[in-house]
Structure formats: C-alpha cells, structure tokens
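Data from entry.cif: mmCIF, C-alpha atoms
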```cif
data_data
loop_
_atom_site.label_atom_id
_atom_site.label_comp_id
_atom_site.auth_asym_id
_atom_site.auth_seq_id
_atom_site.Cartn_x
_atom_site.Cartn_y
_atom_site.Cartn_z
CA ILE A 59 62.16 -32.64 55.92
CA ILE A 60 61.18 -36.20 55.03
CA PRO A 61 57.36 -36.30 54.74
CA ASN A 62 55.35 -39.02 56.41
CA PRO A 63 52.95 -41.03 54.19
CA GLU A 64 50.04 -38.68 54.95
CA GLN A 65 52.09 -35.57 54.10
CA GLU A 66 53.45 -37.23 50.96
CA ALA A 67 49.93 -38.02 49.73
CA GLU A 68 48.92 -34.40 50.41
CA LEU A 69 51.90 -33.06 48.45
CA VAL A 70 51.15 -35.32 45.46
CA GLN A 71 47.51 -34.21 45.53
CA LEU A 72 48.54 -30.55 45.70
CA THR A 73 50.92 -30.91 42.74
CA ALA A 74 48.24 -32.61 40.67
CA LYS A 75 45.93 -29.63 41.16
CA ILE A 76 48.49 -27.04 40.05
CA PRO A 77 48.76 -26.80 36.24
CA PHE A 78 52.29 -27.32 34.90
CA ASP A 79 52.69 -23.73 33.72
CA ASP A 80 51.88 -22.37 37.21
CA ARG A 81 54.31 -24.63 39.06
CA VAL A 82 57.56 -23.37 40.57
CA ASN A 83 60.76 -24.43 38.79
CA GLN A 84 63.50 -24.99 41.36
CA LEU A 85 66.10 -25.74 38.68
CA ALA A 86 66.12 -22.10 37.57
CA LYS A 87 66.81 -18.70 39.14
CA ILE A 88 64.88 -15.43 39.10
CA SER A 89 67.78 -13.92 37.15
CA ASP A 90 66.88 -16.33 34.31
CA LEU A 91 63.79 -14.20 33.66
CA SER A 92 64.27 -11.37 31.20
CA PHE A 93 63.40 -7.94 32.59
CA ALA A 94 63.20 -6.61 29.01
CA LEU A 95 60.75 -9.30 27.86
CA MET A 96 58.49 -8.72 30.86
CA ARG A 97 58.41 -4.96 30.22
CA GLU A 98 57.86 -5.55 26.50
CA HIS A 99 54.76 -7.60 27.32
CA LEU A 100 53.44 -4.86 29.62
CA GLU A 101 54.01 -2.26 26.90
CA LYS A 102 52.27 -4.34 24.21
CA THR A 103 49.27 -4.99 26.44
CA LYS A 104 49.13 -1.32 27.56
CA SER A 105 49.35 -2.34 31.21
CA LYS A 106 49.33 0.33 33.92
CA LEU A 107 52.23 -1.53 35.45
CA PHE A 108 54.54 -0.61 32.55
CA ASN A 109 55.56 2.85 33.80
CA GLU A 110 55.95 1.65 37.40
CA SER A 111 58.08 -1.32 36.31
CA ALA A 112 60.94 0.96 35.19
CA ARG A 113 61.80 1.50 38.87
CA MET A 114 61.48 -2.18 39.88
CA SER A 115 63.99 -4.99 40.12
CA VAL A 116 63.55 -8.27 38.24
CA GLU A 117 62.37 -9.90 41.47
CA GLU A 118 59.80 -7.18 42.18
CA LEU A 119 58.41 -7.21 38.65
CA ALA A 120 58.23 -11.03 38.60
CA GLN A 121 56.27 -10.93 41.85
CA GLN A 122 53.90 -8.27 40.49
CA MET A 123 53.25 -10.39 37.39
CA ASN A 124 52.88 -13.59 39.46
CA LEU A 125 55.79 -15.25 37.68
CA CYS A 126 57.58 -16.49 40.80
CA GLN A 127 56.93 -17.93 44.23
CA GLY A 128 58.73 -18.51 47.53
CA THR A 129 60.40 -16.53 50.26
CA ASN A 130 62.82 -13.69 49.57
CA GLU A 131 65.73 -16.06 50.34
CA HIS A 132 64.32 -18.86 48.16
CA LEU A 133 62.44 -17.18 45.33
CA PHE A 134 62.02 -19.34 42.23
CA PRO A 135 60.48 -18.59 38.81
CA LYS A 136 57.35 -20.38 37.62
CA ASN A 137 57.34 -22.42 34.44
CA VAL A 138 55.16 -19.86 32.65
CA GLY A 139 57.77 -17.19 33.36
CA LEU A 140 60.57 -19.30 31.89
CA LEU A 141 58.49 -20.23 28.82
CA MET A 142 57.33 -16.71 28.01
CA PHE A 143 59.85 -14.35 29.61
CA SER A 144 63.27 -15.98 29.28
CA SER A 145 65.45 -15.69 26.19
CA GLU A 146 66.15 -19.44 26.05
CA PRO A 147 63.20 -21.53 27.30
CA GLN A 148 64.85 -24.56 25.63
CA LYS A 149 67.41 -24.63 28.48
CA TYR A 150 64.61 -25.75 30.80
CA PHE A 151 62.12 -27.33 28.37
CA LYS A 152 64.00 -29.08 25.55
CA GLY A 153 61.01 -29.45 23.24
CA ALA A 154 59.74 -25.89 23.58
CA GLN A 155 60.15 -24.97 19.92
CA ILE A 156 58.30 -25.15 16.59
CA ASP A 157 59.75 -27.23 13.76
CA LEU A 158 58.46 -26.25 10.31
CA VAL A 159 59.24 -28.67 7.48
CA GLU A 160 58.34 -28.20 3.82
CA PHE A 161 58.02 -31.44 1.83
CA GLN A 162 58.08 -30.29 -1.78
CA GLU A 163 57.42 -33.81 -3.10
CA GLY A 164 55.39 -35.16 -0.18
CA ILE A 165 56.60 -37.07 2.89
CA ALA A 166 57.97 -39.90 0.70
CA GLY A 167 60.05 -37.45 -1.35
CA LYS A 168 63.80 -36.95 -0.92
CA PHE A 169 63.77 -33.16 -0.79
CA PHE A 170 62.59 -31.07 2.13
CA THR A 171 63.57 -27.87 3.90
CA GLU A 172 63.43 -27.34 7.65
CA LYS A 173 63.22 -24.21 9.77
CA ILE A 174 63.27 -24.21 13.58
CA PHE A 175 61.70 -21.42 15.65
CA LYS A 176 63.04 -20.88 19.17
CA GLY A 177 62.90 -18.21 21.88
CA ALA A 178 59.96 -17.17 24.06
CA ILE A 179 56.91 -19.23 23.02
CA GLN A 180 54.74 -16.21 22.15
CA GLN A 181 57.53 -14.93 19.88
CA GLN A 182 57.79 -18.38 18.27
CA LEU A 183 54.09 -18.11 17.42
CA VAL A 184 54.46 -14.63 15.93
CA ASP A 185 57.57 -15.63 13.94
CA VAL A 186 56.18 -18.84 12.47
CA LEU A 187 52.92 -17.11 11.51
CA SER A 188 54.90 -14.36 9.80
CA TYR A 189 56.97 -16.95 7.92
CA ILE A 190 53.84 -18.82 6.77
CA LYS A 191 52.16 -15.58 5.71
CA MET A 192 55.16 -14.51 3.64
CA ASN A 193 56.26 -17.86 2.17
CA ILE A 194 53.38 -20.37 2.23
CA ILE A 195 50.10 -18.52 1.77
CA LYS A 196 49.23 -17.76 -1.85
CA GLU A 197 46.31 -15.74 -3.21
CA LYS A 198 44.45 -16.44 -6.44
CA VAL A 199 42.61 -13.54 -8.09
CA THR A 200 40.00 -14.20 -10.80
CA LYS A 201 38.90 -11.16 -12.84
CA TYR A 202 35.71 -10.97 -14.92
CA GLN A 203 34.88 -8.91 -18.00
CA ASP A 204 31.25 -8.25 -17.01
CA ARG A 205 31.89 -6.85 -13.50
CA ALA A 206 34.45 -4.83 -11.61
CA GLU A 207 34.70 -7.13 -8.59
CA SER A 208 37.25 -9.94 -8.63
CA ASP A 209 37.09 -13.25 -6.78
CA ARG A 210 39.93 -13.73 -4.30
CA VAL A 211 40.72 -17.05 -2.63
CA PHE A 212 43.72 -18.35 -0.67
CA ASN A 213 45.35 -21.76 -0.57
CA TYR A 214 44.94 -21.44 3.22
CA PRO A 215 43.09 -18.63 5.00
CA PHE A 216 45.59 -17.09 7.42
CA GLU A 217 43.09 -16.82 10.29
CA ALA A 218 42.57 -20.60 10.32
CA ILE A 219 46.32 -21.26 10.62
CA GLU A 220 46.63 -18.57 13.29
CA GLU A 221 43.90 -20.21 15.40
CA ALA A 222 45.33 -23.71 14.98
CA LEU A 223 48.90 -22.71 15.90
CA ALA A 224 47.79 -20.61 18.88
CA ASN A 225 45.81 -23.66 20.05
CA ALA A 226 48.94 -25.83 19.76
CA ILE A 227 51.06 -23.35 21.80
CA TYR A 228 48.31 -23.00 24.42
CA HIS A 229 47.46 -26.67 24.96
CA ARG A 230 50.66 -28.64 24.36
CA ASN A 231 52.43 -30.55 27.12
CA TYR A 232 55.72 -28.75 27.85
CA GLU A 233 56.93 -31.61 30.06
CA LEU A 234 57.54 -33.63 26.87
CA GLN A 235 60.57 -33.07 24.65
CA ASP A 236 58.60 -33.25 21.38
CA PRO A 237 58.39 -29.91 19.53
CA ILE A 238 55.27 -28.66 17.79
CA GLU A 239 55.49 -29.78 14.16
CA VAL A 240 54.22 -27.84 11.15
CA ARG A 241 54.34 -29.86 7.95
CA ILE A 242 53.85 -28.15 4.61
CA LEU A 243 52.78 -30.80 2.09
CA PRO A 244 51.88 -30.37 -1.60
CA LEU A 245 48.13 -30.60 -0.85
CA ALA A 246 47.88 -29.98 2.90
CA LEU A 247 49.24 -28.18 5.92
CA GLU A 248 49.53 -30.23 9.13
CA ILE A 249 50.02 -28.97 12.69
CA ILE A 250 50.91 -31.63 15.26
CA SER A 251 50.95 -31.01 19.00
CA PHE A 252 51.98 -33.41 21.78
CA ASN A 253 50.80 -35.15 23.97
CA GLY A 254 47.25 -34.85 22.69
CA VAL A 255 44.12 -33.12 23.92
CA ASP A 256 42.57 -33.37 27.37
CA PRO A 257 40.78 -36.71 27.99
CA SER A 258 37.50 -34.83 28.45
CA LEU A 259 37.52 -34.02 24.70
CA LYS A 260 36.43 -36.76 22.30
CA GLN A 261 37.09 -37.32 18.61
CA SER A 262 33.33 -37.09 18.05
CA ASP A 263 33.38 -33.52 19.45
CA PHE A 264 35.89 -32.46 16.81
CA ASP A 265 33.96 -34.27 14.07
CA LYS A 266 30.86 -32.25 15.03
CA GLY A 267 32.84 -29.00 15.32
CA ILE A 268 31.51 -28.39 18.84
CA VAL A 269 34.35 -28.48 21.37
CA ARG A 270 33.97 -27.38 24.98
CA ALA A 271 37.08 -27.90 27.09
CA ARG A 272 36.34 -28.38 30.79
CA ARG A 273 40.00 -28.30 31.79
CA TYR A 274 42.92 -26.25 30.51
CA ARG A 275 46.44 -27.62 30.61
CA ASN A 276 48.16 -24.20 30.64
CA ARG A 277 45.72 -21.61 31.93
CA ARG A 278 48.39 -18.99 32.69
CA ILE A 279 49.88 -19.26 29.19
CA GLY A 280 46.36 -18.80 27.84
CA GLU A 281 45.89 -15.64 29.90
CA PHE A 282 49.10 -14.08 28.57
CA LEU A 283 48.26 -15.04 24.96
CA LYS A 284 44.81 -13.54 25.43
CA ASP A 285 46.38 -10.28 26.67
CA LEU A 286 48.41 -10.23 23.44
CA LYS A 287 45.22 -10.93 21.42
CA LEU A 288 46.79 -14.13 20.07
CA THR A 289 43.94 -16.27 21.43
CA GLU A 290 40.54 -15.78 23.04
CA GLY A 291 40.51 -18.78 25.38
CA LYS A 292 36.75 -19.18 25.09
CA GLY A 293 36.54 -22.30 22.95
CA THR A 294 36.13 -20.21 19.77
CA GLY A 295 39.16 -21.64 17.94
CA ILE A 296 37.54 -24.64 16.21
CA PRO A 297 34.36 -22.75 15.13
CA THR A 298 36.55 -19.94 13.74
CA ILE A 299 38.66 -22.40 11.74
CA LEU A 300 35.52 -24.02 10.29
CA LYS A 301 33.98 -20.64 9.45
CA VAL A 302 36.96 -19.08 7.64
CA LEU A 303 37.69 -22.27 5.67
CA GLU A 304 34.08 -22.42 4.48
CA GLU A 305 34.12 -18.73 3.51
CA ASN A 306 37.30 -19.34 1.50
CA GLY A 307 35.74 -22.31 -0.31
CA SER A 308 38.27 -24.69 1.25
CA PRO A 309 37.60 -28.31 2.29
CA LYS A 310 36.77 -28.91 5.94
CA PRO A 311 39.73 -29.40 8.28
CA LEU A 312 40.60 -32.85 9.60
CA PHE A 313 41.12 -33.27 13.36
CA ASP A 314 42.84 -36.38 14.74
CA ALA A 315 42.68 -36.88 18.51
CA ASN A 316 44.67 -40.14 18.16
CA GLU A 317 42.18 -42.20 20.15
CA PRO A 318 42.63 -44.31 22.20
CA GLU A 319 46.38 -43.63 22.68
CA ARG A 320 45.94 -39.82 22.70
CA THR A 321 49.68 -39.19 22.32
CA PHE A 322 49.28 -36.34 19.80
CA PHE A 323 46.67 -34.03 18.30
#
```
If you took the structure in this file and wrote it as structure tokens, what would it be?
Amino acid sequence: IIPNPEQEAELVQLTAKIPFDDRVNQLAKISDLSFALMREHLEKTKSKLFNESARMSVEELAQQMNLCQGTNEHLFPKNVGLLMFSSEPQKYFKGAQIDLVEFQEGIAGKFFTEKIFKGAIQQQLVDVLSYIKMNIIKEKVTKYQDRAESDRVFNYPFEAIEEALANAIYHRNYELQDPIEVRILPLALEIISFNGVDPSLKQSDFDKGIVRARRYRNRRIGEFLKDLKLTEGKGTGIPTILKVLEENGSPKPLFDANEPERTFF
C-alpha cells in the first residue's frame, strides 16, 4: 500500500518514537534467533519461564520474551533479539563488535596487537572484560615491616572498566558500522563508543560527574543487561567509576563528549 502524505508523516513519527533496539527487522527471520541463547538467558536470570520454554518453539519463546512482532504469517525478529540472541549479530549489524588494540609503544609506535570480540553483544562484554582482567589489570602489593596489612593498588580498578564498557554496549548506535574500540596505551586505557551520547547530555555534566540521562537509546538492551547484573540502568555508572578510581588512588577519568560534532564518546 502506497501511503498518502498524511499516512507517511504518521509512519515517520511512529518510527522516530520506537528506539532502534525495539524495532522490527524485516531483513531477518525468526529462525535467525537462537533458541539455546534465549534459554541460556532465562536460566542465568532464574526466570520462571525457563522450565516452560523447554516445550516451546522458537516462535513461541520469542513472543514470550517480546523479541518479535507481526502476524503468524509475517513474524519478524526485533533488533534486540538479533543483537543479543543470535549467534552472528554481525550479519545484520556490521559494526556490532568490540575491537581491542594494545599499543605497546603508544599510538605512534610501530608495534600493536589486536583482538576482535564477536558474537551476542552481552557475551562480547563478558569476554572482553575477562580478557582485560587476565591480561591487562595488574596489582601492586606493598608490604611493611611494622604492620601485618599490605597496601594493594591496581593499574586500573576492574569495576571502573566494567561500568565503562557496559555503558558503551548499552548506549552505542548499532545503526553505524563503527565497532566499540578499546585502546590499551602505555599510560591509559581508552574506550570509544559511536555515535556519541544523547544530545540532552552535556560535556559540563561529565566534568561535574553528575549525569542524568533523560532518554535511552537502547532501553530493551539495558533491561536485558540489568537482568544479567551487567548494568543497573539508573545513572550510577559515572559515579561508580569516579568512586572506585578515587579509592584506588588513581587519577580522575577523562570524558570526551566530542562537542559540538558529538560523533563519538
């Protein structure tokens, strides 16, 4: 059906109100969703639906988890379902991955190593955090002769990195083909997410450490990450990062909202 100008304006307005992660993807099929990944999520979150799901079809389970929409003859998965519950989200969203690069001599140096994390986005987050914990984070222990307690500090407190990376997964724009970048430099760790933060957030908010988002780009992704206890979704990320860095004796973090272009964060 070819819409008239009034219907077309209504459709555009409707699309603008639906966050990208909750939109239907008509380029994919329900069979592209992984029954195993959906059940794995239910098991991890101790959902009552887990036992019932064993007797369901992929279509029935996707409908129960609100991961699809349409009639029985034309049922399509939503973007959040493809990002979190398909084995290859990169087939539908080319930039849905995390690129981790270690620059041993700094960005200007000739030597670097690269590792790419793919798969369901929540698994990417778990895998890259595990890699950083095992290979990047170092602990320094200082012992004293006059007391039993030792001082323990880290080059980076793990909780700060966890919050920052979860924030990048939650708030990035999956319509773009730019992956999340994690750069390990000799004196810093950088996490870059595209295409920047919501226009309602200002650089001055980050400088003050008081950030209150009024809009969320991917609310459904946030809900699933919250179920997995990978994020809280209550604006606690920045305060937590500031707190754990201070407790570790680290310098304050630097936030760059890339104003006025706002193409990255």
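For the pair CA of Asn137 in chain A and CA of Tyr150 in chain A, the separation is 8.8 Å.
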Nearest residue to Ser144 in chain A from the set A:Ser308, A:Asn276, A:Gln180, A:Asn253 (distances using all atoms listed in the file):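 Nearest to Ser144 in chain A: A:Gln180.
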Find the nearest atom pair between each residue of range 71-121 of chain A and range 220-237 of chain A for residues within 12 Å, count only C-alpha atoms, give distances in Å to one decimal, sort rows by chain and ascending number, and present the table as CSV.
```
residue,atom,partner,partner_atom,distance
A:Pro77,CA,A:Asn231,CA,10.5
A:Phe78,CA,A:Glu233,CA,8.0
A:Asp79,CA,A:Tyr232,CA,8.3
A:Asp80,CA,A:Tyr232,CA,12.0
A:Arg81,CA,A:Glu233,CA,11.7
A:Asn83,CA,A:Glu233,CA,11.9
```
For Phe212 in chain A, the nearest of the candidates A:Ser258, A:Ser92, A:Thr171, A:Thr200, counting all atoms listed in the file: A:Thr200
Pick from A:Gln148, A:Ser115, A:Gln121, A:Thr298, whichever lies nearest to Lys176 in chain A using only C-alpha atoms: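 Ranking A:Gln148, A:Ser115, A:Gln121, A:Thr298 by distance to Lys176 in chain A, first place goes to A:Gln148.
A straight line drawn from CA of Leu140 in chain A to CA of Ile179 in chain A is 9.6 Å long.
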Quick check on the file I pasted: which residues fall under the PyMOL selection byres ((chain A and resi 280) around 9)? Write them as a short mmCIF file (atom, residue, chain, number, x, y, z; two decimals) with C-alpha atoms, in the frame of the given file.
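Written file, expr-v2.cif:
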```cif
data_model
loop_
_atom_site.label_atom_id
_atom_site.label_comp_id
_atom_site.auth_asym_id
_atom_site.auth_seq_id
_atom_site.Cartn_x
_atom_site.Cartn_y
_atom_site.Cartn_z
CA ILE A 227 51.06 -23.35 21.80
CA TYR A 228 48.31 -23.00 24.42
CA HIS A 229 47.46 -26.67 24.96
CA TYR A 274 42.92 -26.25 30.51
CA ASN A 276 48.16 -24.20 30.64
CA ARG A 277 45.72 -21.61 31.93
CA ARG A 278 48.39 -18.99 32.69
CA ILE A 279 49.88 -19.26 29.19
CA GLU A 281 45.89 -15.64 29.90
CA PHE A 282 49.10 -14.08 28.57
CA LEU A 283 48.26 -15.04 24.96
CA LYS A 284 44.81 -13.54 25.43
CA ASP A 285 46.38 -10.28 26.67
CA THR A 289 43.94 -16.27 21.43
CA GLU A 290 40.54 -15.78 23.04
CA GLY A 291 40.51 -18.78 25.38
#
```
Ser145 in chain A environment, 7 Å, all atoms listed in the file, sequence neighbours closer than 2 positions dropped, as an NGL selection string: :A and (92 or 143 or 147 or 177-178)
Test item: residues at most 6 Å from range 173-175 of chain A, all atoms listed in the file, excluding those fewer than 4 positions along its chain, as a PyMOL selection string: chain A and resi 155-158+182
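The coordinates place CA of Ile249 in chain A at 29.1 Å from CA of Leu125 in chain A.
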The PyMOL selection byres ((chain A and resi 111) around 10) applied to the shown file, residues as a PDB file with C-alpha atoms, in the frame of the given file:
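Output file out00.pdb follows:
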```
ATOM      1  CA  PHE A  93      63.400  -7.940  32.590  1.00  0.00           C
ATOM      2  CA  MET A  96      58.490  -8.720  30.860  1.00  0.00           C
ATOM      3  CA  ARG A  97      58.410  -4.960  30.220  1.00  0.00           C
ATOM      4  CA  LEU A 100      53.440  -4.860  29.620  1.00  0.00           C
ATOM      5  CA  LYS A 106      49.330   0.330  33.920  1.00  0.00           C
ATOM      6  CA  LEU A 107      52.230  -1.530  35.450  1.00  0.00           C
ATOM      7  CA  PHE A 108      54.540  -0.610  32.550  1.00  0.00           C
ATOM      8  CA  ASN A 109      55.560   2.850  33.800  1.00  0.00           C
ATOM      9  CA  GLU A 110      55.950   1.650  37.400  1.00  0.00           C
ATOM     10  CA  ALA A 112      60.940   0.960  35.190  1.00  0.00           C
ATOM     11  CA  ARG A 113      61.800   1.500  38.870  1.00  0.00           C
ATOM     12  CA  MET A 114      61.480  -2.180  39.880  1.00  0.00           C
ATOM     13  CA  SER A 115      63.990  -4.990  40.120  1.00  0.00           C
ATOM     14  CA  VAL A 116      63.550  -8.270  38.240  1.00  0.00           C
ATOM     15  CA  GLU A 118      59.800  -7.180  42.180  1.00  0.00           C
ATOM     16  CA  LEU A 119      58.410  -7.210  38.650  1.00  0.00           C
ATOM     17  CA  ALA A 120      58.230 -11.030  38.600  1.00  0.00           C
ATOM     18  CA  GLN A 122      53.900  -8.270  40.490  1.00  0.00           C
TER      19      GLN A 122
END
```
Ground truth for the PyMOL selection byres ((chain A and resi 322) around 10), written as a PyMOL selection string: chain A and resi 230-231+236+238+250-255+314-317+319-321+323
Minimum-distance residue to Glu98 in chain A, chosen among A:Gly295, A:Arg210, A:Ala246, A:Leu286 (using all atoms listed in the file):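 With all atoms listed in the file as the atom set, the closest residue is A:Leu286.
Among the candidates A:Leu95, A:Lys201, A:Pro215, A:Glu207, the residue lying nearest to Gln181 in chain A is A:Leu95 (atoms considered: only C-alpha atoms).
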How big is the axis-aligned box around all listed atoms of range 218-224 of chain A once 8 Å goes on each side, and where's its centre, in Å to one decimal, as lines of an AutoDock Vina configuration file?
```
center_x = 45.7
center_y = -21.1
center_z = 14.6
size_x = 22.3
size_y = 21.1
size_z = 24.6
```
From A:Glu239, A:Tyr214, A:Asp185, A:Gly139, residue lying nearest Lys198 in chain A [all atoms listed in the file]: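 With all atoms listed in the file as the atom set, the closest residue is A:Tyr214.
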So that I can look at just that part, could you write range 70-105 of chain A with N, CA and C atoms, as a PDB file, in the first residue's frame?
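Full text of out_2.pdb as output:
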```pdb
ATOM      1  N   VAL A  70       6.517   7.997   9.798  1.00  0.00           N
ATOM      2  CA  VAL A  70       7.828   8.548  10.175  1.00  0.00           C
ATOM      3  C   VAL A  70       7.835   8.912  11.656  1.00  0.00           C
ATOM      4  N   GLN A  71       6.740   9.526  12.106  1.00  0.00           N
ATOM      5  CA  GLN A  71       6.635   9.919  13.512  1.00  0.00           C
ATOM      6  C   GLN A  71       6.638   8.687  14.416  1.00  0.00           C
ATOM      7  N   LEU A  72       5.956   7.639  13.999  1.00  0.00           N
ATOM      8  CA  LEU A  72       5.891   6.411  14.785  1.00  0.00           C
ATOM      9  C   LEU A  72       7.273   5.773  14.899  1.00  0.00           C
ATOM     10  N   THR A  73       7.998   5.712  13.771  1.00  0.00           N
ATOM     11  CA  THR A  73       9.341   5.129  13.768  1.00  0.00           C
ATOM     12  C   THR A  73      10.271   5.899  14.684  1.00  0.00           C
ATOM     13  N   ALA A  74      10.155   7.212  14.674  1.00  0.00           N
ATOM     14  CA  ALA A  74      11.035   8.052  15.493  1.00  0.00           C
ATOM     15  C   ALA A  74      10.826   7.807  16.979  1.00  0.00           C
ATOM     16  N   LYS A  75       9.630   7.363  17.350  1.00  0.00           N
ATOM     17  CA  LYS A  75       9.331   7.145  18.763  1.00  0.00           C
ATOM     18  C   LYS A  75       9.746   5.751  19.252  1.00  0.00           C
ATOM     19  N   ILE A  76      10.017   4.845  18.317  1.00  0.00           N
ATOM     20  CA  ILE A  76      10.406   3.489  18.697  1.00  0.00           C
ATOM     21  C   ILE A  76      11.925   3.416  18.707  1.00  0.00           C
ATOM     22  N   PRO A  77      12.545   3.128  19.857  1.00  0.00           N
ATOM     23  CA  PRO A  77      14.013   3.008  19.897  1.00  0.00           C
ATOM     24  C   PRO A  77      14.490   1.944  18.921  1.00  0.00           C
ATOM     25  N   PHE A  78      15.703   2.104  18.420  1.00  0.00           N
ATOM     26  CA  PHE A  78      16.239   1.206  17.387  1.00  0.00           C
ATOM     27  C   PHE A  78      16.211  -0.246  17.834  1.00  0.00           C
ATOM     28  N   ASP A  79      16.548  -0.511  19.096  1.00  0.00           N
ATOM     29  CA  ASP A  79      16.639  -1.911  19.535  1.00  0.00           C
ATOM     30  C   ASP A  79      15.275  -2.589  19.598  1.00  0.00           C
ATOM     31  N   ASP A  80      14.179  -1.796  19.665  1.00  0.00           N
ATOM     32  CA  ASP A  80      12.838  -2.372  19.773  1.00  0.00           C
ATOM     33  C   ASP A  80      12.113  -2.404  18.427  1.00  0.00           C
ATOM     34  N   ARG A  81      12.803  -2.013  17.368  1.00  0.00           N
ATOM     35  CA  ARG A  81      12.190  -2.018  16.045  1.00  0.00           C
ATOM     36  C   ARG A  81      12.265  -3.405  15.406  1.00  0.00           C
ATOM     37  N   VAL A  82      11.295  -3.694  14.564  1.00  0.00           N
ATOM     38  CA  VAL A  82      11.262  -4.962  13.830  1.00  0.00           C
ATOM     39  C   VAL A  82      12.290  -4.930  12.710  1.00  0.00           C
ATOM     40  N   ASN A  83      12.964  -6.052  12.487  1.00  0.00           N
ATOM     41  CA  ASN A  83      13.947  -6.163  11.411  1.00  0.00           C
ATOM     42  C   ASN A  83      13.386  -7.095  10.340  1.00  0.00           C
ATOM     43  N   GLN A  84      12.951  -6.532   9.224  1.00  0.00           N
ATOM     44  CA  GLN A  84      12.311  -7.324   8.181  1.00  0.00           C
ATOM     45  C   GLN A  84      13.315  -7.982   7.238  1.00  0.00           C
ATOM     46  N   LEU A  85      14.608  -7.777   7.502  1.00  0.00           N
ATOM     47  CA  LEU A  85      15.637  -8.431   6.690  1.00  0.00           C
ATOM     48  C   LEU A  85      16.075  -9.758   7.307  1.00  0.00           C
ATOM     49  N   ALA A  86      15.487 -10.102   8.439  1.00  0.00           N
ATOM     50  CA  ALA A  86      15.859 -11.343   9.128  1.00  0.00           C
ATOM     51  C   ALA A  86      14.616 -12.203   9.355  1.00  0.00           C
ATOM     52  N   LYS A  87      14.858 -13.447   9.777  1.00  0.00           N
ATOM     53  CA  LYS A  87      13.770 -14.389  10.038  1.00  0.00           C
ATOM     54  C   LYS A  87      13.804 -14.804  11.509  1.00  0.00           C
ATOM     55  N   ILE A  88      12.663 -15.303  11.992  1.00  0.00           N
ATOM     56  CA  ILE A  88      12.596 -15.773  13.375  1.00  0.00           C
ATOM     57  C   ILE A  88      13.602 -16.903  13.609  1.00  0.00           C
ATOM     58  N   SER A  89      13.839 -17.701  12.577  1.00  0.00           N
ATOM     59  CA  SER A  89      14.790 -18.813  12.711  1.00  0.00           C
ATOM     60  C   SER A  89      16.228 -18.321  12.917  1.00  0.00           C
ATOM     61  N   ASP A  90      16.476 -17.016  12.696  1.00  0.00           N
ATOM     62  CA  ASP A  90      17.808 -16.460  12.943  1.00  0.00           C
ATOM     63  C   ASP A  90      18.069 -16.270  14.434  1.00  0.00           C
ATOM     64  N   LEU A  91      17.022 -16.326  15.238  1.00  0.00           N
ATOM     65  CA  LEU A  91      17.189 -16.250  16.693  1.00  0.00           C
ATOM     66  C   LEU A  91      17.621 -17.623  17.216  1.00  0.00           C
ATOM     67  N   SER A  92      18.469 -17.611  18.208  1.00  0.00           N
ATOM     68  CA  SER A  92      18.981 -18.858  18.768  1.00  0.00           C
ATOM     69  C   SER A  92      18.137 -19.285  19.976  1.00  0.00           C
ATOM     70  N   PHE A  93      17.486 -20.425  19.841  1.00  0.00           N
ATOM     71  CA  PHE A  93      16.677 -20.972  20.937  1.00  0.00           C
ATOM     72  C   PHE A  93      17.562 -21.221  22.160  1.00  0.00           C
ATOM     73  N   ALA A  94      18.785 -21.709  21.923  1.00  0.00           N
ATOM     74  CA  ALA A  94      19.705 -22.019  23.026  1.00  0.00           C
ATOM     75  C   ALA A  94      20.114 -20.761  23.777  1.00  0.00           C
ATOM     76  N   LEU A  95      20.405 -19.671  23.048  1.00  0.00           N
ATOM     77  CA  LEU A  95      20.813 -18.422  23.703  1.00  0.00           C
ATOM     78  C   LEU A  95      19.677 -17.818  24.512  1.00  0.00           C
ATOM     79  N   MET A  96      18.455 -17.925  23.996  1.00  0.00           N
ATOM     80  CA  MET A  96      17.302 -17.393  24.735  1.00  0.00           C
ATOM     81  C   MET A  96      17.094 -18.167  26.038  1.00  0.00           C
ATOM     82  N   ARG A  97      17.196 -19.499  25.959  1.00  0.00           N
ATOM     83  CA  ARG A  97      17.029 -20.320  27.167  1.00  0.00           C
ATOM     84  C   ARG A  97      18.189 -20.111  28.147  1.00  0.00           C
ATOM     85  N   GLU A  98      19.381 -19.904  27.609  1.00  0.00           N
ATOM     86  CA  GLU A  98      20.546 -19.645  28.464  1.00  0.00           C
ATOM     87  C   GLU A  98      20.335 -18.373  29.279  1.00  0.00           C
ATOM     88  N   HIS A  99      19.775 -17.346  28.625  1.00  0.00           N
ATOM     89  CA  HIS A  99      19.488 -16.097  29.341  1.00  0.00           C
ATOM     90  C   HIS A  99      18.465 -16.329  30.449  1.00  0.00           C
ATOM     91  N   LEU A 100      17.412 -17.081  30.140  1.00  0.00           N
ATOM     92  CA  LEU A 100      16.375 -17.358  31.143  1.00  0.00           C
ATOM     93  C   LEU A 100      16.956 -18.133  32.328  1.00  0.00           C
ATOM     94  N   GLU A 101      17.869 -19.057  32.035  1.00  0.00           N
ATOM     95  CA  GLU A 101      18.491 -19.844  33.109  1.00  0.00           C
ATOM     96  C   GLU A 101      19.383 -18.957  33.983  1.00  0.00           C
ATOM     97  N   LYS A 102      20.186 -18.094  33.344  1.00  0.00           N
ATOM     98  CA  LYS A 102      21.089 -17.222  34.102  1.00  0.00           C
ATOM     99  C   LYS A 102      20.327 -16.237  34.983  1.00  0.00           C
ATOM    100  N   THR A 103      19.178 -15.778  34.501  1.00  0.00           N
ATOM    101  CA  THR A 103      18.404 -14.790  35.251  1.00  0.00           C
ATOM    102  C   THR A 103      17.373 -15.447  36.174  1.00  0.00           C
ATOM    103  N   LYS A 104      17.392 -16.798  36.229  1.00  0.00           N
ATOM    104  CA  LYS A 104      16.479 -17.558  37.086  1.00  0.00           C
ATOM    105  C   LYS A 104      15.008 -17.200  36.816  1.00  0.00           C
ATOM    106  N   SER A 105      14.682 -17.099  35.533  1.00  0.00           N
ATOM    107  CA  SER A 105      13.319 -16.765  35.128  1.00  0.00           C
ATOM    108  C   SER A 105      12.390 -17.969  35.283  1.00  0.00           C
TER     109      SER A 105
END
```
